[in-house]
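See below for coords30.cif, which holds mmCIF, C-alpha atoms.
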```
data_coords
#
loop_
_atom_site.label_atom_id
_atom_site.label_comp_id
_atom_site.auth_asym_id
_atom_site.auth_seq_id
_atom_site.Cartn_x
_atom_site.Cartn_y
_atom_site.Cartn_z
CA MET A 1156 -60.09 14.09 27.21
CA ASP A 1157 -63.04 15.41 25.22
CA ASN A 1158 -64.22 18.94 24.52
CA PHE A 1159 -66.17 19.17 27.79
CA GLU A 1160 -63.36 17.99 30.06
CA GLN A 1161 -60.76 20.01 28.24
CA PHE A 1162 -62.79 23.19 28.66
CA PHE A 1163 -63.41 22.70 32.40
CA THR A 1164 -59.87 21.57 33.08
CA GLU A 1165 -58.46 24.63 31.37
CA ASN A 1166 -60.89 26.99 33.08
CA ARG A 1167 -61.15 25.45 36.50
CA LEU A 1168 -59.52 28.42 38.22
CA LYS A 1169 -61.70 30.94 36.39
CA LEU A 1170 -64.77 29.20 37.77
CA ASP A 1171 -63.96 30.62 41.17
CA VAL A 1172 -66.36 33.54 41.24
CA GLU A 1173 -64.39 35.10 44.07
CA PRO A 1174 -60.77 34.23 43.39
CA LEU A 1175 -58.31 34.40 46.26
CA PRO A 1176 -56.59 37.76 46.54
CA GLU A 1177 -53.02 37.96 45.36
CA GLY A 1178 -50.54 36.83 47.99
CA PHE A 1179 -53.27 35.10 49.97
CA ASN A 1180 -51.12 32.02 50.59
CA ASN A 1181 -48.17 34.09 51.76
CA GLN A 1182 -50.44 36.06 54.05
CA MET A 1183 -51.85 32.83 55.48
CA ILE A 1184 -48.35 31.48 56.13
CA ALA A 1185 -47.38 34.76 57.79
CA ASN A 1186 -50.46 34.52 60.00
CA PHE A 1187 -49.67 30.92 60.91
CA ARG A 1188 -46.11 31.83 61.78
CA ALA A 1189 -47.33 34.72 63.89
CA VAL A 1190 -49.58 32.33 65.80
CA ARG A 1191 -46.69 29.90 66.27
CA ARG A 1192 -44.41 32.73 67.51
CA LYS A 1193 -47.13 33.88 69.87
CA LYS A 1194 -47.48 30.37 71.26
CA GLN A 1195 -43.70 30.13 71.73
CA THR A 1196 -43.63 33.52 73.49
CA ILE A 1197 -46.45 32.44 75.78
CA ARG A 1198 -44.57 29.21 76.63
CA LEU A 1199 -41.39 31.24 77.28
CA PHE A 1200 -43.21 33.65 79.58
CA ALA A 1201 -44.92 30.76 81.33
CA ALA A 1202 -41.55 29.08 81.92
CA ALA A 1203 -40.03 32.37 83.13
CA GLY A 1204 -43.01 32.95 85.42
CA PHE A 1205 -42.69 29.45 86.78
CA LEU A 1206 -39.01 30.00 87.52
CA LEU A 1207 -39.74 33.37 89.12
CA LEU A 1208 -42.16 31.66 91.46
CA LEU A 1209 -39.95 28.64 92.00
CA VAL A 1210 -36.77 30.48 93.02
CA PRO A 1211 -38.32 32.58 95.83
CA GLY A 1212 -40.30 29.50 96.85
CA ILE A 1213 -37.12 27.49 97.25
CA MET A 1214 -35.49 30.37 99.12
CA LEU A 1215 -38.45 30.59 101.48
CA LEU A 1216 -38.49 26.86 102.07
CA GLN A 1217 -34.72 26.56 102.45
CA PRO A 1218 -34.73 27.03 106.25
CA PHE A 1219 -37.05 24.02 106.48
CA PHE A 1220 -34.82 21.88 104.27
CA LYS A 1221 -31.35 22.46 105.63
CA PRO A 1222 -28.82 20.08 104.13
CA GLU A 1223 -28.37 17.08 106.32
CA PRO A 1224 -25.07 17.30 108.20
CA VAL A 1225 -22.75 14.41 107.59
CA ALA A 1226 -22.01 14.32 111.27
CA LEU A 1227 -24.26 11.59 112.56
CA GLN A 1228 -26.39 12.62 115.49
CA GLU A 1229 -25.46 9.45 117.35
CA SER A 1230 -21.69 9.70 116.97
CA PRO A 1231 -20.67 13.21 115.84
CA SER A 1232 -17.10 12.85 116.94
CA SER A 1233 -16.38 9.84 114.73
CA ALA A 1234 -17.94 11.54 111.69
CA GLU A 1235 -15.90 14.68 112.30
CA LEU A 1236 -12.81 12.61 112.70
CA SER A 1237 -13.45 10.93 109.38
CA ILE A 1238 -13.83 14.31 107.63
CA LEU A 1239 -10.74 15.72 109.23
CA THR A 1240 -8.79 12.64 108.16
CA ARG A 1241 -9.79 13.27 104.58
CA LEU A 1242 -8.90 16.96 104.68
CA GLN A 1243 -5.74 16.63 106.77
CA PRO A 1244 -3.29 15.75 103.93
CA TYR A 1245 -4.29 18.87 101.99
CA GLN A 1246 -3.98 21.10 105.03
CA THR A 1247 -0.53 19.72 105.89
CA GLU A 1248 0.75 20.21 102.39
CA ILE A 1249 -0.69 23.72 102.16
CA GLU A 1250 0.85 24.64 105.47
CA SER A 1251 4.25 23.33 104.43
CA SER A 1252 4.15 25.11 101.08
CA THR A 1253 2.99 28.38 102.64
CA GLN A 1254 5.74 28.18 105.23
CA PHE A 1255 8.38 27.63 102.57
CA ILE A 1256 7.15 30.59 100.49
CA SER A 1257 6.91 32.91 103.43
CA GLN A 1258 10.57 32.21 104.24
CA GLN A 1259 11.71 33.14 100.76
CA ARG A 1260 12.91 36.58 99.88
CA VAL A 1261 12.42 37.91 96.37
CA PRO A 1262 13.96 40.88 94.60
CA THR A 1263 11.75 43.95 94.94
CA GLU A 1264 12.00 44.61 91.18
CA TYR A 1265 10.34 41.29 90.48
CA SER A 1266 7.70 41.46 93.17
CA VAL A 1267 5.05 42.58 90.63
CA GLN A 1268 5.38 39.21 88.91
CA PHE A 1269 4.03 37.54 92.01
CA GLN A 1270 0.98 39.76 92.39
CA ASP A 1271 -1.27 37.52 90.29
CA PHE A 1272 -0.43 34.52 92.44
CA LEU A 1273 -1.15 36.44 95.62
CA ILE A 1274 -4.52 37.65 94.29
CA GLN A 1275 -5.46 34.09 93.31
CA LEU A 1276 -4.57 32.89 96.78
CA GLN A 1277 -6.70 35.64 98.34
CA ILE A 1278 -9.69 34.59 96.25
CA ILE A 1279 -9.23 30.94 97.23
CA ASP A 1280 -9.00 31.90 100.91
CA ARG A 1281 -12.14 34.01 100.62
CA GLN A 1282 -13.95 31.02 99.16
CA GLN A 1283 -12.69 28.91 102.02
CA ASP A 1284 -14.16 31.46 104.47
CA ILE A 1285 -17.56 31.14 102.76
CA TYR A 1286 -17.41 27.34 103.09
CA GLN A 1287 -16.45 27.67 106.70
CA LYS A 1288 -19.49 29.88 107.41
CA GLN A 1289 -21.76 27.29 105.82
CA ILE A 1290 -20.15 24.54 107.86
CA ASP A 1291 -20.70 26.61 111.00
CA SER A 1292 -24.40 26.98 110.14
CA TYR A 1293 -25.27 23.59 108.70
CA GLY A 1294 -22.40 21.32 109.52
CA TYR A 1295 -20.43 19.26 107.01
CA THR A 1296 -22.12 17.74 103.99
CA GLU A 1297 -20.53 15.42 101.43
CA ASP A 1298 -20.98 18.10 98.80
CA MET A 1299 -19.29 20.65 101.03
CA ILE A 1300 -16.35 18.33 101.71
CA GLN A 1301 -15.87 17.83 97.98
CA GLN A 1302 -15.88 21.57 97.39
CA ILE A 1303 -13.37 22.19 100.18
CA MET A 1304 -11.11 19.48 98.78
CA TYR A 1305 -11.33 21.04 95.35
CA ASN A 1306 -10.51 24.45 96.85
CA TYR A 1307 -7.51 22.97 98.64
CA GLU A 1308 -6.27 21.37 95.42
CA LEU A 1309 -6.58 24.70 93.69
CA LYS A 1310 -4.66 26.46 96.44
CA LEU A 1311 -1.92 23.84 96.35
CA MET A 1312 -1.56 24.25 92.62
CA VAL A 1313 -1.19 28.04 92.91
CA LEU A 1314 1.28 27.67 95.77
CA GLN A 1315 3.39 25.23 93.80
CA LYS A 1316 3.47 27.53 90.80
CA LEU A 1317 4.37 30.45 93.03
CA GLN A 1318 7.12 28.40 94.63
CA THR A 1319 8.57 27.47 91.23
CA GLU A 1320 8.41 31.09 90.10
CA ILE A 1321 10.20 32.30 93.23
CA LEU A 1322 12.98 29.76 92.79
CA LYS A 1323 13.33 30.65 89.14
CA ILE A 1324 13.54 34.40 89.81
CA ASN A 1325 15.98 33.96 92.65
CA LYS A 1326 18.18 31.78 90.49
CA LEU A 1327 18.05 34.35 87.73
CA SER A 1328 18.87 37.23 90.06
CA LYS A 1329 21.92 35.39 91.34
CA THR A 1330 23.38 35.01 87.84
CA THR A 1331 23.42 38.80 87.28
CA ASN A 1332 25.86 41.24 88.87
CA HIS A 1333 23.06 43.57 89.88
CA GLU A 1334 22.50 44.12 93.59
CA TYR A 1335 18.85 43.53 94.43
CA THR A 1336 16.98 44.57 97.52
CA ASN A 1337 14.96 41.62 98.60
CA ILE A 1338 11.59 41.52 100.24
CA GLN A 1339 9.45 38.87 101.78
CA LEU A 1340 6.11 38.01 100.12
CA GLU A 1341 3.14 38.61 102.33
CA ILE A 1342 1.28 35.41 101.97
CA MET B 1433 -68.64 22.84 46.50
CA LEU B 1434 -71.18 23.48 49.22
CA GLY B 1435 -73.41 25.66 47.06
CA ASN B 1436 -73.97 28.10 49.90
CA ARG B 1437 -71.81 31.04 50.94
CA GLN B 1438 -72.74 30.89 54.64
CA ASP B 1439 -71.89 27.18 54.84
CA ALA B 1440 -68.68 27.81 52.93
CA GLU B 1441 -67.64 30.50 55.42
CA ASP B 1442 -68.39 28.22 58.37
CA VAL B 1443 -66.43 25.38 56.81
CA LEU B 1444 -63.53 27.68 55.98
CA GLN B 1445 -63.40 28.80 59.59
CA ASP B 1446 -63.32 25.17 60.77
CA ALA B 1447 -60.66 24.42 58.17
CA MET B 1448 -58.55 27.30 59.48
CA ILE B 1449 -58.75 25.90 63.00
CA GLN B 1450 -57.80 22.47 61.67
CA ALA B 1451 -54.89 23.99 59.79
CA TYR B 1452 -53.63 25.85 62.88
CA THR B 1453 -53.90 22.68 64.94
CA ASN B 1454 -52.12 20.54 62.34
CA LEU B 1455 -49.52 23.06 61.27
CA LYS B 1456 -46.77 20.61 62.23
CA SER B 1457 -47.85 18.30 59.43
CA LEU B 1458 -47.03 20.98 56.82
CA LYS B 1459 -43.73 19.76 55.44
CA SER B 1460 -42.69 22.82 53.45
CA VAL B 1461 -43.93 26.31 52.62
CA GLU B 1462 -44.12 25.32 48.94
CA SER B 1463 -46.69 22.62 49.67
CA PHE B 1464 -48.91 25.02 51.60
CA GLY B 1465 -51.45 25.43 48.75
CA PRO B 1466 -52.24 21.72 48.22
CA TRP B 1467 -52.03 21.07 51.97
CA MET B 1468 -54.55 23.81 52.76
CA LYS B 1469 -56.76 22.75 49.86
CA ARG B 1470 -56.88 19.21 51.19
CA ILE B 1471 -57.84 20.45 54.66
CA VAL B 1472 -60.61 22.64 53.26
CA ILE B 1473 -61.94 19.81 51.08
CA ASN B 1474 -61.87 17.40 53.99
CA GLN B 1475 -63.78 19.91 56.09
CA CYS B 1476 -66.32 20.35 53.28
CA LEU B 1477 -66.77 16.60 53.04
CA HIS B 1478 -67.09 16.33 56.80
CA PHE B 1479 -69.73 19.05 56.67
CA ILE B 1480 -71.79 17.56 53.86
CA ARG B 1481 -71.41 13.93 54.92
CA GLY B 1482 -74.11 14.37 57.52
CA ARG B 1483 -76.66 15.79 55.15
CA LEU B 1484 -75.61 14.17 51.89
CA ASN B 1485 -78.26 11.87 50.58
CA PHE B 1486 -76.36 8.77 49.63
CA ALA B 1487 -79.30 7.59 47.60
CA ASP B 1488 -78.17 10.32 45.24
CA LEU B 1489 -74.98 8.43 44.78
CA GLN B 1490 -76.44 5.28 43.30
CA LEU B 1491 -75.24 3.99 40.00
CA VAL B 1492 -77.03 5.70 37.11
CA ASN B 1493 -77.12 4.79 33.48
CA THR B 1494 -75.03 7.09 31.37
CA PRO B 1495 -75.74 6.81 27.67
CA GLY B 1496 -72.98 8.29 25.53
CA GLU B 1497 -73.66 11.57 23.76
CA SER B 1498 -71.60 13.51 21.27
CA ASP B 1499 -70.72 16.96 22.49
CA GLU B 1500 -70.02 19.79 20.12
CA THR B 1501 -70.98 22.61 22.46
CA ASP B 1502 -68.85 25.72 22.44
CA TYR B 1503 -68.52 26.34 26.17
CA TYR B 1504 -66.68 29.59 25.65
CA GLN B 1505 -69.96 31.25 24.74
CA PHE B 1506 -70.98 31.08 28.41
CA SER B 1507 -69.69 33.41 31.03
CA MET B 1508 -67.92 31.88 34.02
CA GLU B 1509 -70.71 33.16 36.29
CA GLU B 1510 -73.28 31.34 34.15
CA LEU B 1511 -71.30 28.12 34.21
CA ASN B 1512 -70.70 28.41 37.92
CA SER B 1513 -74.35 29.03 38.66
CA THR B 1514 -75.34 26.02 36.52
CA ILE B 1515 -72.88 23.80 38.39
CA GLN B 1516 -74.34 25.03 41.69
CA GLN B 1517 -77.78 23.85 40.58
CA LEU B 1518 -76.64 20.24 40.21
CA PRO B 1519 -77.82 17.81 42.88
CA ASP B 1520 -75.45 17.65 45.87
CA GLY B 1521 -74.00 14.19 45.28
CA CYS B 1522 -73.07 14.49 41.65
CA ARG B 1523 -72.02 18.14 42.05
CA ILE B 1524 -69.48 17.15 44.69
CA VAL B 1525 -68.11 14.33 42.55
CA PHE B 1526 -67.94 16.70 39.57
CA ASN B 1527 -66.11 19.33 41.63
CA LEU B 1528 -63.63 16.88 43.11
CA TYR B 1529 -62.91 15.02 39.88
CA LEU B 1530 -62.90 17.69 37.25
CA LEU B 1531 -62.27 20.94 39.08
CA GLU B 1532 -60.08 19.77 41.97
CA ASN B 1533 -58.31 17.18 39.82
CA TYR B 1534 -58.71 14.15 42.09
CA SER B 1535 -58.90 10.69 40.55
CA HIS B 1536 -62.10 8.64 40.79
CA LYS B 1537 -60.29 6.35 43.22
CA GLU B 1538 -59.48 9.30 45.51
CA VAL B 1539 -63.01 10.71 45.21
CA ALA B 1540 -64.41 7.29 46.10
CA GLU B 1541 -62.18 7.10 49.18
CA MET B 1542 -63.07 10.61 50.27
CA LEU B 1543 -66.81 10.08 49.95
CA GLY B 1544 -66.89 6.46 51.07
CA ILE B 1545 -68.42 5.28 47.81
CA SER B 1546 -67.24 2.88 45.15
CA GLU B 1547 -65.10 4.01 42.26
CA SER B 1548 -67.80 3.06 39.75
CA THR B 1549 -70.34 5.17 41.64
CA SER B 1550 -67.94 8.09 41.45
CA LYS B 1551 -67.60 7.59 37.70
CA SER B 1552 -71.34 7.29 37.11
CA GLN B 1553 -72.06 10.33 39.29
CA TYR B 1554 -69.57 12.31 37.31
CA GLN B 1555 -71.26 11.24 34.10
CA ARG B 1556 -74.62 12.19 35.54
CA ALA B 1557 -73.34 15.63 36.53
CA ARG B 1558 -71.87 16.06 33.11
CA GLN B 1559 -75.13 15.12 31.36
CA LEU B 1560 -77.19 17.41 33.55
CA LEU B 1561 -74.77 20.25 33.04
CA GLN B 1562 -74.72 19.81 29.27
CA HIS B 1563 -78.48 19.58 29.21
CA GLN B 1564 -78.90 22.77 31.24
CA LEU B 1565 -76.36 24.63 29.16
CA LYS B 1566 -78.01 23.52 25.92
CA LYS B 1567 -81.32 24.73 27.28
CA LYS B 1568 -79.75 28.10 28.07
CA MET B 1569 -78.19 28.20 24.63
CA ASN B 1570 -81.53 27.55 22.95
CA HIS B 1571 -83.34 30.12 25.06
CA GLY B 1572 -80.60 32.69 24.79
#
```

Translate the structure described by the file into C-alpha cells.
Amino acid sequence: MDNFEQFFTENRLKLDVEPLPEGFNNQMIANFRAVRRKKQTIRLFAAAGFLLLLVPGIMLLQPFFKPEPVALQESPSSAELSILTRLQPYQTEIESSTQFISQQRVPTEYSVQFQDFLIQLQIIDRQQDIYQKQIDSYGYTEDMIQQIMYNYELKLMVLQKLQTEILKINKLSKTTNHEYTNIQLEI
Amino acid sequence: MLGNRQDAEDVLQDAMIQAYTNLKSLKSVESFGPWMKRIVINQCLHFIRGRLNFADLQLVNTPGESDETDYYQFSMEELNSTIQQLPDGCRIVFNLYLLENYSHKEVAEMLGISESTSKSQYQRARQLLQHQLKKKMNHG
C-alpha cells in the first residue's frame, strides 16, 4: 500500500462530508423493530377481528347446520336400539351402585366427609341434563354418545369411591365404643 | 458515490424500503452496519447502472508515477469535491475499492465488468485525482 492508498484508507470515514449522527444505527434498528412490532400487532388485530366475525357467523348459521342425528331417517328404532344397547351397561351399573349407597347409613359426625362426593355427583348429573336437552333438540350424534359414555364413566368412578369411603367409615365406627347417630345419604 | 445529493436521497429512500422488506435476512444486530451498507450500495449501483456509460469502463493505460504528495495539506471537503469531479465510472470503482474496501473481484461482480477493468479504472481515478490535486497545490 503506497502513500496515496494509505492516506485514503486511513481517512475514508472523514471523507463523509455529512457523517451519520451518533447512534444512527441503533436508531435505525429501533425503527425497524417498531415497524415489525406494528406489523405483528396489525396481524394480531386482523386475526382477532376475523375470529370476532367468525364466531357470531357460526352461531347465526348453526340452525342451518344442525348436527346430523345418528338415528337414521329410514329406521330410527334400530338406531335408537343400538345406542341404548351401548349405554345400557353404564346405566345398569350406575343404578345398582346408587341403590347400594342409598341403602347405607353413615354416622352423622362423618357426613361432612361425603359432601365432596355428593357435589361431584350433582355436577355430573347437571351435565347429563345438558346432554339430554341437546338430544331432545337434535337427536343422538356419535359425539354426543361418546360424551354421555364419558360422563357415565365419571359418575361410576365417583360412586365407587363414595361406596368405598362409606364402607371404610362404617367399619371404623364399629371398632369404637362411641354411639353414633346414623343418617342416610341423599343421593 | 452518486455525486448528487438529490439522487442520494432518492436512493437512500429506496434502500430503506429494501431494508424493511428484507429485514428477515439480517442475521444479527451487530451485522446491521455492513448489511445496511451493502443494501445502500446495491441500490446505488442499481440506480447508476441505467445511466452509467460503460464506454467509460474500458481498459485504459496506466503508466506508473511516483507519488510524494502530502495529502494532509488538503481539507476533507477539498478532497471530497475533487473525487466528486471524477468521471462516473472510475469514481464508482474508486469509491467501492478504496473507500468502501471491496476487492477488485467484488467490484467487478457488482458492476458487471471484468476484474482488470476494475483495476484499470481505479488507476485512472487515482491518476486523475492526483493530477487535480497537484494542480490545486500549484495554484494554491

What are the closest atom pairs, with distances in Å to one decimal, for each residue of chain B lying within 9 Å of chain A, using only C-alpha atoms, rows by chain and rising residue number, as a Markdown table?
```
| residue | atom | partner | partner_atom | distance |
| --- | --- | --- | --- | --- |
| B:Ala1451 | CA | A:Phe1187 | CA | 8.7 |
| B:Tyr1452 | CA | A:Phe1187 | CA | 6.7 |
| B:Leu1455 | CA | A:Phe1187 | CA | 7.9 |
| B:Val1461 | CA | A:Ile1184 | CA | 7.7 |
| B:Phe1464 | CA | A:Asn1180 | CA | 7.4 |
| B:Gly1465 | CA | A:Asn1180 | CA | 6.9 |
| B:Asp1499 | CA | A:Asn1158 | CA | 7.1 |
| B:Glu1500 | CA | A:Asn1158 | CA | 7.3 |
| B:Thr1501 | CA | A:Phe1159 | CA | 8.0 |
| B:Asp1502 | CA | A:Asn1158 | CA | 8.5 |
| B:Tyr1503 | CA | A:Phe1162 | CA | 7.0 |
| B:Tyr1504 | CA | A:Phe1162 | CA | 8.1 |
| B:Met1508 | CA | A:Leu1170 | CA | 5.6 |
| B:Glu1509 | CA | A:Val1172 | CA | 6.6 |
| B:Leu1511 | CA | A:Leu1170 | CA | 7.5 |
| B:Asn1512 | CA | A:Leu1170 | CA | 6.0 |
| B:Leu1530 | CA | A:Thr1164 | CA | 6.5 |
| B:Leu1531 | CA | A:Arg1167 | CA | 5.3 |
| B:Glu1532 | CA | A:Arg1167 | CA | 8.0 |
| B:Asn1533 | CA | A:Thr1164 | CA | 8.2 |
| B:Arg1558 | CA | A:Phe1159 | CA | 8.4 |
| B:Gln1562 | CA | A:Phe1159 | CA | 8.7 |
```

Exercise for the section: Take the PyMOL selection byres ((chain A and resi 1282) around 12), apply it to the structure above, and return the hits as a VMD selection string. Expected result: chain A and resid 1275 to 1281 1283 to 1289 1299 1302 to 1307 1309 to 1310

Practice task
Could you check which of A:Gln1246, A:Met1312, A:Phe1205, A:Lys1326 is closest to A:Phe1272, using all atoms listed in the file?
Solution key: A:Met1312

Problem - From B:Leu1518, B:Asn1474, B:Lys1456, B:Ser1513, residue lying nearest B:Glu1541 [only C-alpha atoms] - result: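 Between B:Leu1518, B:Asn1474, B:Lys1456, B:Ser1513, the residue approaching B:Glu1541 most closely is B:Asn1474.
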
Fill in the blank from the handout: atom CA of B:Glu1462 sits from atom CA of B:Met1542 at a separation of 24.0 Å

Could you tell me which residues the PyMOL selection byres ((chain A and resi 1336) around 8) grabs in this file, written as a CSV table (one decimal) with C-alpha atoms, keeping the file's coordinate frame?
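Produced file part_11.csv, reproduced below:
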```csv
chain,number,residue,atom,x,y,z
A,1262,PRO,CA,14.0,40.9,94.6
A,1263,THR,CA,11.8,44.0,94.9
A,1334,GLU,CA,22.5,44.1,93.6
A,1335,TYR,CA,18.8,43.5,94.4
A,1337,ASN,CA,15.0,41.6,98.6
A,1338,ILE,CA,11.6,41.5,100.2
```

Practice task
Between A:Met1214, A:Leu1322, A:Leu1314, A:Ile1300, single out the one closest to A:Glu1248, counting all atoms listed in the file.
Solution key: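 Smallest separation from A:Glu1248 among the options: A:Leu1314.
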
Handout entry: Å distance separating atom CA of B:Val1443 from atom CA of B:Cys1476, one decimal place
Key =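 Between atom CA of B:Val1443 and atom CA of B:Cys1476 the gap is 6.1 Å.
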
Practice task
Kindly give the distance, in Å, that separates atom CA of A:Ser1292 and atom CA of A:Glu1308, rounded to a single decimal.
Solution key: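 If I compute the distance from atom CA of A:Ser1292 to atom CA of A:Glu1308, I get 24.0 Å.
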
Give me the box for stretch 1437-1442 of chain B as lines of an AutoDock Vina configuration file, namely the centre and edge lengths in Å to one decimal of a box along x, y and z that holds every listed atom plus 8 Å on each side.
```
center_x = -70.2
center_y = 29.1
center_z = 54.7
size_x = 21.1
size_y = 19.9
size_z = 23.4
```

Exercise for the section: Tell me which of B:Met1468, B:Gln1475, B:Ser1457, B:Arg1556 sits closest to B:Asp1442, counting all atoms listed in the file. Expected result: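 Among the listed residues, the smallest separation from B:Asp1442 belongs to B:Gln1475.
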
Exercise for the section: Using the chain letters and residue numbers of this document, give as a ChimeraX atom specification the residues selected by the PyMOL selection byres ((chain A and resi 1261) around 12). Expected result: /A:1256-1260,1262-1269,1317-1318,1320-1329,1335-1341

Practice task
Go through B:His1478, B:Lys1566, B:His1536, B:Lys1459 and flag the residue nearest B:Asp1446, using only C-alpha atoms for the distances.
Solution key: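 Of the candidates, the smallest distance to B:Asp1446 is held by B:His1478.
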
Determine, counting all atoms listed in the file, which protein, DNA and RNA residues have an atom within 10 Å of an atom of B:Leu1565; residues of the same chain fewer than 3 positions away are not included. Present the result as a PDB file with C-alpha atoms, keeping the file's coordinate frame.
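What landed in around.pdb:
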```pdb
ATOM      1  CA  THR B1501     -70.980  22.610  22.460  1.00  0.00           C
ATOM      2  CA  TYR B1503     -68.520  26.340  26.170  1.00  0.00           C
ATOM      3  CA  PHE B1506     -70.980  31.080  28.410  1.00  0.00           C
ATOM      4  CA  GLU B1510     -73.280  31.340  34.150  1.00  0.00           C
ATOM      5  CA  LEU B1511     -71.300  28.120  34.210  1.00  0.00           C
ATOM      6  CA  THR B1514     -75.340  26.020  36.520  1.00  0.00           C
ATOM      7  CA  ILE B1515     -72.880  23.800  38.390  1.00  0.00           C
ATOM      8  CA  GLN B1559     -75.130  15.120  31.360  1.00  0.00           C
ATOM      9  CA  LEU B1560     -77.190  17.410  33.550  1.00  0.00           C
ATOM     10  CA  LEU B1561     -74.770  20.250  33.040  1.00  0.00           C
ATOM     11  CA  GLN B1562     -74.720  19.810  29.270  1.00  0.00           C
ATOM     12  CA  LYS B1568     -79.750  28.100  28.070  1.00  0.00           C
ATOM     13  CA  MET B1569     -78.190  28.200  24.630  1.00  0.00           C
ATOM     14  CA  ASN B1570     -81.530  27.550  22.950  1.00  0.00           C
ATOM     15  CA  HIS B1571     -83.340  30.120  25.060  1.00  0.00           C
TER      16      HIS B1571
END
```

Problem - Counting all atoms listed in the file, the option among A:Ile1249, A:Ala1234, A:Leu1206, A:Ala1201 closest to A:Glu1297 - result: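 So, comparing all the options, the nearest one is A:Ala1234.
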
Emit a file covering stretch 1547-1558 of chain B of the preceding structure with N, CA, C and O atoms, as a compact mmCIF listing (two decimals), in the first residue's frame.
```txt
# COMPACT_ATOMS: atom_id res chain seq x y z
N GLU B 1547 -12.41 -7.94 -13.88
CA GLU B 1547 -11.57 -7.52 -12.77
C GLU B 1547 -10.47 -6.57 -13.24
O GLU B 1547 -10.15 -5.59 -12.56
N SER B 1548 -9.95 -6.84 -14.44
CA SER B 1548 -8.87 -5.98 -14.96
C SER B 1548 -9.41 -4.58 -15.29
O SER B 1548 -8.71 -3.58 -15.09
N THR B 1549 -10.67 -4.52 -15.73
CA THR B 1549 -11.27 -3.20 -15.99
C THR B 1549 -11.40 -2.43 -14.67
O THR B 1549 -11.13 -1.22 -14.61
N SER B 1550 -11.80 -3.16 -13.63
CA SER B 1550 -11.93 -2.52 -12.32
C SER B 1550 -10.56 -1.95 -11.89
O SER B 1550 -10.48 -0.81 -11.41
N LYS B 1551 -9.53 -2.75 -12.07
CA LYS B 1551 -8.19 -2.30 -11.68
C LYS B 1551 -7.75 -1.08 -12.49
O LYS B 1551 -7.23 -0.11 -11.93
N SER B 1552 -7.98 -1.13 -13.79
CA SER B 1552 -7.53 -0.02 -14.64
C SER B 1552 -8.33 1.25 -14.35
O SER B 1552 -7.80 2.36 -14.37
N GLN B 1553 -9.64 1.07 -14.06
CA GLN B 1553 -10.47 2.23 -13.74
C GLN B 1553 -10.04 2.87 -12.43
O GLN B 1553 -10.06 4.08 -12.27
N TYR B 1554 -9.63 2.02 -11.53
CA TYR B 1554 -9.14 2.54 -10.25
C TYR B 1554 -7.87 3.35 -10.48
O TYR B 1554 -7.71 4.46 -9.95
N GLN B 1555 -7.00 2.80 -11.32
CA GLN B 1555 -5.75 3.51 -11.63
C GLN B 1555 -6.03 4.84 -12.32
O GLN B 1555 -5.39 5.85 -12.01
N ARG B 1556 -7.03 4.81 -13.18
CA ARG B 1556 -7.38 6.04 -13.90
C ARG B 1556 -7.89 7.09 -12.90
O ARG B 1556 -7.50 8.26 -12.96
N ALA B 1557 -8.77 6.65 -12.01
CA ALA B 1557 -9.32 7.56 -11.00
C ALA B 1557 -8.18 8.14 -10.17
O ALA B 1557 -8.14 9.34 -9.87
N ARG B 1558 -7.29 7.30 -9.81
CA ARG B 1558 -6.16 7.69 -8.98
C ARG B 1558 -5.29 8.74 -9.68
O ARG B 1558 -4.92 9.76 -9.10
```
